[in-house]
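Here is the structure we will look at.
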Amino acid sequence: YGYPVQDLARHCTFEEVAYLLANGELPSRAQLSRFRRAERALREIDRDHVGVIARFSRAAHPMDTLRTAVSYLGTREVAWGGEKPATDKRRAMALLAKIPTVMATDYRFRNAKRRIRPRDDLSFSENFCYMCFGRKPAPEVARALDTSLILYAEHGFNASTFAARVVASTLSDIYSAVTAAIGALKGPLHGGANEAGMHMLGEIGTPARAEAWIRGAIERKRLIMGFGHRVYRTGDSRVPTMNKCLEDLSAWKGDDRWLRITQTLARVVIAEKGIHPNLDFPSGPAYDLMGFDIDLFTPIFVMSRITGWSAHYLEQIADNRLIRPLSAYTGPPQRKVRPLARR
Ligand code: ACO
């Protein structure tokens, strides 16, 4: 909608950006307050939903439990697709409000802890931290999480958004589109890179090892997670804002280990390969400093990108044409089927 994402990150809360993506304009005070009330009122999930989450295997990855729990939401009402835009807008708001609750509930159960119910007096980011950890986060954490959610919220025709639009284009429902998008986001070449990048930082371990490790990885032609982008060739414009968050969190925690390792990796990979870090590279260590387990990093991406996916779903449905790419066939020319007895 015309705003540089860096400006949105500087001046807005995630709720304002969620409103922008749902409505095309930034909200006035009154509009924001109505939007917040509506989102907060929808945060709770019902007992059956909690029961479904409780039955997931503790070993399941949170992206898989989230994909299933979102799909389950689509069974709570008859959703054929092609309903009125107001119905889909209501569903989009419910997805935005309930996804953090689903994630936090699953996180608590996986760690053999009691679930913490959502609060309606906390911001989106504060409430998510509260439901995970049982206390309101420090302002530094809440602000950094909010900034990362703003940066992740929407990003054109990336793979998961395209997956959502393909499903929407069949006139299927929003839950099906979002479920497909979550599946696409999970892959390490897309959103899964924030987890894969963090595992890589863990493998490196200390700043002293970083330079030798990355030079060895380049020599072995290893894929370096959190680097490269299909569209950005000279750097991801979201990275400087997220780097600043990582710097602030490192100073706040008095722990600059990840910051120093990421700085070394970025310097060497840019110099040696001309490949720049993408948003997933600084966001992973920032989430680690905020206290989140690594397997929650990509679900946090979902918690934000649901705003972009929903906006794309509504845009596709409003002026739809079935998306059906052609492929270039390279198999054998047309031939006759010989019955089994003669093969
Ligand atoms: N590490 C090592 N080499 C790389 C990397 C990387 N991260 N990214 C690209 N390259 C190499 C490619 O292997 C290729 O080398 P070659 O010419 O010798 O074959 C060259 O750079 C050019 O790359 P492309 O093929 O043009 O890159 P492509 O557009 O296909 O891939 C992608 C983009 C998938 C993001 C890739 O850079 C990658 O796998 N990165 C790591 C995963 C990652 O961080 N994904 C997150 C994406 S952003 C997001 O979802 C928020």
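Residue numbering restarts at 1 for every chain of the structure tokens, chains are lettered A, B, ... in their displayed order, and ligands are numbered from 1 as they appear.
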| field | Close residues, Ile261 (chain A) itself excluded, 10 Å, only C-alpha atoms, min 4 positions apart in chain, as a list in words | value |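 Contacts, in chain order: Leu201, Gly202, Ile204, Gly205, Thr206, Pro207, Ala208, Arg209, Ala210, Glu211, Ile214, Asp256, Arg257, Leu265 and Ala266 of chain A.
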| said: When you look at Tyr72 (chain A) with a cut-off of 12 Å (counting only C-alpha atoms), what residues show up, excluding the ones that are within fewer than 5 positions of it in the same chain? I need them as JSON, numbers by chain. | reply: {"A": [45, 46, 48, 49, 50, 51, 52, 53, 65, 66, 67, 77, 78, 79, 95, 98, 99, 102, 175, 176, 178, 179]}
Could you list, with a cut-off of 8 Å and counting only C-alpha atoms and all ligand atoms, the residues of chain A near ligand 1, each shown with its nearest atom pair and the distance in Å rounded to one decimal, rows sorted by chain and ascending number, as JSON lines?
```
{"residue": "A:Tyr152", "atom": "CA", "partner": "ligand 1", "partner_atom_place_in_ligand_line": "51 (C)", "distance": 7.5}
{"residue": "A:Asn158", "atom": "CA", "partner": "ligand 1", "partner_atom_place_in_ligand_line": "50 (O)", "distance": 7.6}
{"residue": "A:Leu185", "atom": "CA", "partner": "ligand 1", "partner_atom_place_in_ligand_line": "50 (O)", "distance": 7.5}
{"residue": "A:Pro188", "atom": "CA", "partner": "ligand 1", "partner_atom_place_in_ligand_line": "42 (C)", "distance": 5.9}
{"residue": "A:Leu189", "atom": "CA", "partner": "ligand 1", "partner_atom_place_in_ligand_line": "45 (N)", "distance": 4.0}
{"residue": "A:His190", "atom": "CA", "partner": "ligand 1", "partner_atom_place_in_ligand_line": "50 (O)", "distance": 3.5}
{"residue": "A:Gly191", "atom": "CA", "partner": "ligand 1", "partner_atom_place_in_ligand_line": "50 (O)", "distance": 4.4}
{"residue": "A:Gly192", "atom": "CA", "partner": "ligand 1", "partner_atom_place_in_ligand_line": "46 (C)", "distance": 7.3}
{"residue": "A:Ala193", "atom": "CA", "partner": "ligand 1", "partner_atom_place_in_ligand_line": "43 (C)", "distance": 4.9}
{"residue": "A:Asn194", "atom": "CA", "partner": "ligand 1", "partner_atom_place_in_ligand_line": "44 (O)", "distance": 7.4}
{"residue": "A:Gly197", "atom": "CA", "partner": "ligand 1", "partner_atom_place_in_ligand_line": "44 (O)", "distance": 7.4}
{"residue": "A:Ile218", "atom": "CA", "partner": "ligand 1", "partner_atom_place_in_ligand_line": "2 (C)", "distance": 7.1}
{"residue": "A:Lys221", "atom": "CA", "partner": "ligand 1", "partner_atom_place_in_ligand_line": "2 (C)", "distance": 6.5}
{"residue": "A:Arg222", "atom": "CA", "partner": "ligand 1", "partner_atom_place_in_ligand_line": "2 (C)", "distance": 5.9}
{"residue": "A:Leu223", "atom": "CA", "partner": "ligand 1", "partner_atom_place_in_ligand_line": "1 (N)", "distance": 3.7}
{"residue": "A:Ile224", "atom": "CA", "partner": "ligand 1", "partner_atom_place_in_ligand_line": "1 (N)", "distance": 3.8}
{"residue": "A:Met225", "atom": "CA", "partner": "ligand 1", "partner_atom_place_in_ligand_line": "41 (C)", "distance": 4.3}
{"residue": "A:Gly226", "atom": "CA", "partner": "ligand 1", "partner_atom_place_in_ligand_line": "44 (O)", "distance": 3.2}
{"residue": "A:Phe227", "atom": "CA", "partner": "ligand 1", "partner_atom_place_in_ligand_line": "7 (N)", "distance": 4.0}
{"residue": "A:Gly228", "atom": "CA", "partner": "ligand 1", "partner_atom_place_in_ligand_line": "37 (O)", "distance": 3.3}
{"residue": "A:His229", "atom": "CA", "partner": "ligand 1", "partner_atom_place_in_ligand_line": "35 (C)", "distance": 4.0}
{"residue": "A:Arg230", "atom": "CA", "partner": "ligand 1", "partner_atom_place_in_ligand_line": "29 (O)", "distance": 3.5}
{"residue": "A:Val231", "atom": "CA", "partner": "ligand 1", "partner_atom_place_in_ligand_line": "29 (O)", "distance": 7.0}
{"residue": "A:Lys273", "atom": "CA", "partner": "ligand 1", "partner_atom_place_in_ligand_line": "21 (O)", "distance": 7.6}
{"residue": "A:Ile275", "atom": "CA", "partner": "ligand 1", "partner_atom_place_in_ligand_line": "8 (N)", "distance": 6.6}
{"residue": "A:Pro277", "atom": "CA", "partner": "ligand 1", "partner_atom_place_in_ligand_line": "44 (O)", "distance": 7.5}
{"residue": "A:Asn278", "atom": "CA", "partner": "ligand 1", "partner_atom_place_in_ligand_line": "48 (S)", "distance": 5.4}
{"residue": "A:Leu279", "atom": "CA", "partner": "ligand 1", "partner_atom_place_in_ligand_line": "51 (C)", "distance": 5.4}
{"residue": "A:Asp280", "atom": "CA", "partner": "ligand 1", "partner_atom_place_in_ligand_line": "51 (C)", "distance": 5.3}
{"residue": "A:Phe281", "atom": "CA", "partner": "ligand 1", "partner_atom_place_in_ligand_line": "44 (O)", "distance": 7.2}
```
| field | Between CA of Ala104 (chain A) and CA of Phe128 (chain A), distance in Å (one decimal) | value |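 Separation between CA of Ala104 (chain A) and CA of Phe128 (chain A): 6.9 Å.
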| message | List the spatial neighbours of Leu21 (chain A) as number ranges by chain - criterion: any atom at most 8 Å away, only C-alpha atoms, same-chain residues fewer than 5 positions off excluded. | response | A: 307-308, 311
